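As stored in start.pdb (PDB, C-alpha atoms):
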```pdb
MODEL        1
ATOM      1  CA  MET T1331      88.969  83.106 128.728
ATOM      2  CA  SER T1332      90.031  83.594 132.323
ATOM      3  CA  ALA T1333      91.575  86.609 133.988
ATOM      4  CA  GLY T1334      95.321  86.804 133.915
ATOM      5  CA  LYS T1335      98.019  89.281 133.072
ATOM      6  CA  LEU T1336      98.316  91.974 130.425
ATOM      7  CA  PRO T1337     100.900  94.660 129.736
ATOM      8  CA  ARG T1338     100.242  98.256 130.791
ATOM      9  CA  THR T1339     102.067 101.274 129.432
ATOM     10  CA  LEU T1340     104.784 102.583 131.729
ATOM     11  CA  ARG T1341     106.302 106.050 131.728
ATOM     12  CA  LEU T1342     109.468 106.433 133.810
ATOM     13  CA  ASP T1343     110.155 109.947 132.562
ATOM     14  CA  PRO T1344     108.679 112.366 130.013
ATOM     15  CA  SER T1345     110.807 111.067 127.093
ATOM     16  CA  ASP T1346     107.891 109.287 125.356
ATOM     17  CA  THR T1347     106.161 112.652 124.999
ATOM     18  CA  PHE T1348     109.167 113.883 122.982
ATOM     19  CA  VAL T1349     110.048 110.684 121.126
ATOM     20  CA  PHE T1350     106.592 109.867 119.750
ATOM     21  CA  ALA T1351     104.090 112.061 117.926
ATOM     22  CA  ARG T1352     101.451 110.728 120.333
ATOM     23  CA  ALA T1353     102.480 109.200 123.662
ATOM     24  CA  ALA T1354     100.262 106.687 125.423
ATOM     25  CA  GLU T1355      98.926 107.640 128.811
ATOM     26  CA  PRO T1356     100.673 105.824 131.674
ATOM     27  CA  GLY T1357      98.747 102.743 132.803
ATOM     28  CA  GLU T1358      96.843 101.998 129.588
ATOM     29  CA  TRP T1359      96.470  98.378 128.556
ATOM     30  CA  ALA T1360      98.889  97.814 125.695
ATOM     31  CA  VAL T1361      99.468  95.695 122.598
ATOM     32  CA  THR T1362     102.539  95.489 120.397
ATOM     33  CA  GLY T1363     100.794  97.544 117.717
ATOM     34  CA  SER T1364     102.580  96.160 114.681
ATOM     35  CA  PHE T1365      99.254  96.194 112.836
ATOM     36  CA  LEU T1366      99.607  99.998 112.656
ATOM     37  CA  PHE T1367     102.536  99.526 110.262
ATOM     38  CA  PHE T1368     101.237  96.753 107.975
ATOM     39  CA  ASP T1369     100.511  99.130 105.079
ATOM     40  CA  ALA T1370     103.334 101.596 105.765
ATOM     41  CA  ASP T1371     106.381 102.073 103.577
ATOM     42  CA  LEU T1372     108.798 101.100 106.343
ATOM     43  CA  SER T1373     111.856 102.343 104.451
ATOM     44  CA  ALA T1374     110.301 105.820 104.256
ATOM     45  CA  LEU T1375     109.587 106.144 107.985
ATOM     46  CA  ALA T1376     111.534 108.951 109.625
ATOM     47  CA  GLY T1377     111.672 110.831 112.897
ATOM     48  CA  LYS T1378     108.890 110.134 115.365
ATOM     49  CA  ASP T1379     107.170 107.644 113.059
ATOM     50  CA  ARG T1380     110.394 105.649 112.799
ATOM     51  CA  ALA T1381     110.812 105.741 116.591
ATOM     52  CA  ALA T1382     107.242 104.469 117.017
ATOM     53  CA  PHE T1383     107.918 101.643 114.580
ATOM     54  CA  ARG T1384     111.177 100.643 116.231
ATOM     55  CA  SER T1385     110.160 100.617 119.873
ATOM     56  CA  GLY T1386     106.550 101.641 120.490
ATOM     57  CA  PHE T1387     103.971  99.544 122.255
ATOM     58  CA  VAL T1388     100.460 100.913 121.649
ATOM     59  CA  GLY T1389      97.990 101.934 124.344
ATOM     60  CA  VAL T1390      94.589 100.493 123.441
ATOM     61  CA  GLY T1391      92.668 103.547 124.637
ATOM     62  CA  SER T1392      94.666 106.324 122.990
ATOM     63  CA  LEU T1393      96.588 104.487 120.242
ATOM     64  CA  GLY T1394      99.554 106.426 121.629
ATOM     65  CA  PHE T1395     102.997 104.880 121.947
ATOM     66  CA  SER T1396     104.993 103.772 124.983
ATOM     67  CA  THR T1397     108.598 102.596 125.073
ATOM     68  CA  LEU T1398     107.996 100.333 128.067
ATOM     69  CA  VAL T1399     105.211  98.183 129.446
ATOM     70  CA  VAL T1400     104.818  96.519 132.821
ATOM     71  CA  VAL T1401     103.257  93.104 133.412
ATOM     72  CA  SER T1402     100.046  93.660 135.402
ATOM     73  CA  GLU T1403      97.123  91.636 136.731
ATOM     74  CA  ALA T1404      94.004  92.019 134.575
ATOM     75  CA  SER T1405      90.499  90.961 135.521
ATOM     76  CA  GLU T1406      88.188  89.410 132.950
ATOM     77  CA  ALA T1407      86.228  92.683 132.817
ATOM     78  CA  GLU T1408      89.430  94.693 132.212
ATOM     79  CA  ARG T1409      90.518  92.309 129.463
ATOM     80  CA  GLU T1410      87.129  92.556 127.754
ATOM     81  CA  ALA T1411      87.147  96.368 128.062
ATOM     82  CA  ALA T1412      90.608  96.460 126.434
ATOM     83  CA  ILE T1413      89.322  94.272 123.590
ATOM     84  CA  GLU T1414      86.322  96.570 123.088
ATOM     85  CA  ASP T1415      88.491  99.731 123.122
ATOM     86  CA  LEU T1416      90.830  98.274 120.540
ATOM     87  CA  ALA T1417      87.947  96.884 118.443
ATOM     88  CA  ARG T1418      86.390 100.350 118.305
ATOM     89  CA  HIS T1419      89.644 101.787 116.910
ATOM     90  CA  ILE T1420      90.061  98.933 114.434
ATOM     91  CA  HIS T1421      86.509  99.407 113.170
ATOM     92  CA  GLU T1422      86.295 103.214 113.144
ATOM     93  CA  ARG T1423      89.868 104.197 112.245
ATOM     94  CA  PHE T1424      91.196 101.258 110.279
ATOM     95  CA  GLY T1425      88.130 100.206 108.332
ATOM     96  CA  ALA T1426      87.325  96.739 109.618
ATOM     97  CA  PRO T1427      84.219  95.607 107.693
ATOM     98  CA  ASP T1428      82.106  95.287 110.851
ATOM     99  CA  ARG T1429      82.321  95.290 114.627
ATOM    100  CA  ASP T1430      82.578  91.488 114.844
ATOM    101  CA  ALA T1431      85.612  91.409 112.538
ATOM    102  CA  ALA T1432      87.162  94.273 114.512
ATOM    103  CA  ARG T1433      86.503  92.453 117.791
ATOM    104  CA  ALA T1434      88.142  89.267 116.467
ATOM    105  CA  ALA T1435      91.232  91.225 115.390
ATOM    106  CA  ALA T1436      91.357  93.045 118.729
ATOM    107  CA  ARG T1437      91.025  89.789 120.662
ATOM    108  CA  GLU T1438      93.955  88.357 118.701
ATOM    109  CA  GLU T1439      96.093  91.442 119.470
ATOM    110  CA  ILE T1440      95.231  91.208 123.180
ATOM    111  CA  GLU T1441      96.110  87.490 123.219
ATOM    112  CA  VAL T1442      99.515  88.232 121.661
ATOM    113  CA  ALA T1443     100.073  90.910 124.313
ATOM    114  CA  ALA T1444      99.020  88.490 127.072
ATOM    115  CA  SER T1445     101.524  85.924 125.762
ATOM    116  CA  LEU T1446     104.317  88.365 126.651
ATOM    117  CA  CYS T1447     103.209  88.338 130.272
ATOM    118  CA  ASN T1448     104.482  84.932 131.371
ATOM    119  CA  LEU T1449     106.692  86.903 133.764
ATOM    120  CA  PRO T1450     106.126  88.047 137.340
ATOM    121  CA  VAL T1451     103.786  90.999 137.844
ATOM    122  CA  GLY T1452     105.878  94.175 137.824
ATOM    123  CA  SER T1453     108.310  92.932 135.165
ATOM    124  CA  VAL T1454     109.184  95.652 132.665
ATOM    125  CA  ILE T1455     109.324  94.802 128.953
ATOM    126  CA  ALA T1456     110.893  96.710 126.064
ATOM    127  CA  MET T1457     110.526  95.899 122.370
ATOM    128  CA  HIS T1458     112.604  96.306 119.238
ATOM    129  CA  ARG T1459     110.692  96.068 115.970
ATOM    130  CA  SER T1460     112.387  95.767 112.589
ATOM    131  CA  GLU T1461     111.717  94.785 109.006
ATOM    132  CA  ARG T1462     113.308  91.534 107.834
ATOM    133  CA  GLY T1463     112.746  90.219 104.351
ATOM    134  CA  GLY T1464     109.535  92.164 103.909
ATOM    135  CA  GLU T1465     108.111  91.024 107.266
ATOM    136  CA  ILE T1466     107.797  92.873 110.563
ATOM    137  CA  ALA T1467     109.821  91.211 113.322
ATOM    138  CA  GLU T1468     109.472  91.920 117.041
ATOM    139  CA  GLU T1469     112.064  91.182 119.709
ATOM    140  CA  PHE T1470     111.392  91.666 123.407
ATOM    141  CA  ARG T1471     113.645  92.081 126.398
ATOM    142  CA  THR T1472     112.883  92.182 130.087
ATOM    143  CA  LEU T1473     114.390  94.850 132.290
ATOM    144  CA  HIS T1474     115.129  93.389 135.710
ATOM    145  CA  GLN T1475     115.267  95.116 139.063
ATOM    146  CA  ARG T1476     118.597  94.694 140.798
ATOM    147  CA  PRO T1477     118.340  92.379 143.830
ATOM    148  CA  ALA T1478     118.584  93.944 147.274
ATOM    149  CA  GLY T1479     122.184  94.035 148.487
ATOM    150  CA  ALA T1480     123.640  93.849 144.960
ATOM    151  CA  ASP T1481     126.697  95.903 144.082
ATOM    152  CA  PRO T1482     125.236  99.372 143.412
ATOM    153  CA  LEU T1483     127.747 100.041 140.628
ATOM    154  CA  HIS T1484     127.127  96.800 138.749
ATOM    155  CA  GLY T1485     124.952  97.327 135.702
ATOM    156  CA  ARG T1486     124.940 101.109 135.778
ATOM    157  CA  ALA T1487     125.417 102.883 132.516
ATOM    158  CA  PHE T1488     127.355 105.713 134.188
ATOM    159  CA  HIS T1489     129.550 106.035 137.242
ATOM    160  CA  PHE T1490     130.117 109.530 138.550
ATOM    161  CA  VAL T1491     133.443 110.423 140.094
ATOM    162  CA  GLU T1492     134.624 113.535 141.866
ATOM    163  CA  THR T1493     136.890 115.877 139.945
ATOM    164  CA  ASP T1494     138.935 118.936 140.815
ATOM    165  CA  GLU T1495     136.763 121.070 138.547
ATOM    166  CA  GLU T1496     134.501 123.605 140.173
ATOM    167  CA  GLY T1497     130.830 123.805 139.302
ATOM    168  CA  PRO T1498     127.599 122.071 140.146
ATOM    169  CA  GLU T1499     127.681 118.319 140.407
ATOM    170  CA  GLU T1500     125.001 116.577 138.377
ATOM    171  CA  GLN T1501     123.947 113.004 139.018
ATOM    172  CA  ALA T1502     121.201 110.843 137.632
ATOM    173  CA  ASP T1503     119.984 107.672 139.280
ATOM    174  CA  LEU T1504     118.385 105.842 136.349
ATOM    175  CA  VAL T1505     118.181 102.602 138.320
ATOM    176  CA  GLY T1506     116.403 104.446 141.128
ATOM    177  CA  LEU T1507     113.895 105.836 138.634
ATOM    178  CA  LEU T1508     113.179 102.320 137.364
ATOM    179  CA  ASN T1509     112.865 100.939 140.900
ATOM    180  CA  GLY T1510     110.465 103.723 141.879
ATOM    181  CA  ALA T1511     108.343 103.206 138.775
ATOM    182  CA  SER T1512     108.209  99.443 139.382
ATOM    183  CA  ALA T1513     107.020 100.030 142.940
ATOM    184  CA  GLY T1514     104.400 102.466 141.654
ATOM    185  CA  ALA T1515     103.210 100.004 139.025
ATOM    186  CA  GLU T1516     102.806  97.287 141.660
ATOM    187  CA  ARG T1517     100.599  99.590 143.731
ATOM    188  CA  ALA T1518      98.415 100.399 140.683
TER     189      ALA T1518
ENDMDL
END
```
Conversion result in structure tokens:
Amino acid sequence: MSAGKLPRTLRLDPSDTFVFARAAEPGEWAVTGSFLFFDADLSALAGKDRAAFRSGFVGVGSLGFSTLVVVSEASEAEREAAIEDLARHIHERFGAPDRDAARAAAREEIEVAASLCNLPVGSVIAMHRSERGGEIAEEFRTLHQRPAGADPLHGRAFHFVETDEEGPEEQADLVGLLNGASAGAERA
């Protein structure tokens, strides 16, 4: 197995710390984490557990959740360390019969995660997980950075306009937050 790309958890703002019972640390290697829900009663999930099921990637070090991941270069040593971290959790927390079985399961999870990374380094990926006919289904989407020189209003969720009302003006640049986080992830 050669070095390549793997997803890393990405935190653009503190929302993951509110949305999930346990948020992944920014920059952890990540897997989809569907195995965490194999024995769960999916119809009974509520609140933070439901949010984790619907949209949470899993950091292999913390088993915390992240809404977004970023495609990143991974050396062979980093890939193997991610496999070992995940294998330890699978063996100790989820009852794999032995370390070899846990390592095989972890390797498979890492390979699935790597298969999502056939995108340029720095690409941001979000996931939607659902239950369909008794099976867990995962759908992925890529969040793209707007090209330089593009219309700054195109693709924005909100457009702020001036009004005659008095009071403080509040603005949020969500696209700027994403662009800044992408630049930070590329430096990492």
Find, counting all atoms listed in the file, the residue in T:Ser1373, T:Val1451, T:Ser1396, T:Arg1384 that gets nearest to Ala1354 (chain T). T:Ser1396
Could you expand the PyMOL selection byres ((chain T and resi 1374-1379) around 6) into the explicit residues it covers here, written as a list in words? Val1349, Phe1350, Ala1351, Asp1371, Leu1372, Ser1373, Arg1380, Ala1381 and Ala1382 of chain T
Take the residues from that selection and write them out as a PDB file, keeping the file's coordinate frame, keeping C-alpha atoms.
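Generated file (again-v5.pdb):
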```pdb
ATOM      1  CA  VAL T1349     110.048 110.684 121.126  1.00  0.00           C
ATOM      2  CA  PHE T1350     106.592 109.867 119.750  1.00  0.00           C
ATOM      3  CA  ALA T1351     104.090 112.061 117.926  1.00  0.00           C
ATOM      4  CA  ASP T1371     106.381 102.073 103.577  1.00  0.00           C
ATOM      5  CA  LEU T1372     108.798 101.100 106.343  1.00  0.00           C
ATOM      6  CA  SER T1373     111.856 102.343 104.451  1.00  0.00           C
ATOM      7  CA  ARG T1380     110.394 105.649 112.799  1.00  0.00           C
ATOM      8  CA  ALA T1381     110.812 105.741 116.591  1.00  0.00           C
ATOM      9  CA  ALA T1382     107.242 104.469 117.017  1.00  0.00           C
TER      10      ALA T1382
END
```
Using CA of Ser1445 (chain T) and CA of Arg1352 (chain T) as the two end points, give the distance in Å to one decimal. 25.4 Å
Please, what distance in Å, to one decimal, runs between CA of Phe1383 (chain T) and CA of Met1457 (chain T)?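 Taking CA of Phe1383 (chain T) and CA of Met1457 (chain T), their separation equals 10.0 Å.
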Since I can't run it myself right now, could you work out what the PyMOL selection byres ((chain T and resi 1429) around 12) selects here and report it as a PyMOL selection string? chain T and resi 1413-1428+1430-1437
Interatomic distance (Å, one decimal) between CA of Ser1385 (chain T) and CA of Ala1456 (chain T): 7.4 Å
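Residue nearest Val1400 (chain T) within the list T:Ala1412, T:Ala1444, T:Ala1467, T:Ala1353: T:Ala1444 [criterion: smallest interatomic distance, only C-alpha atoms].
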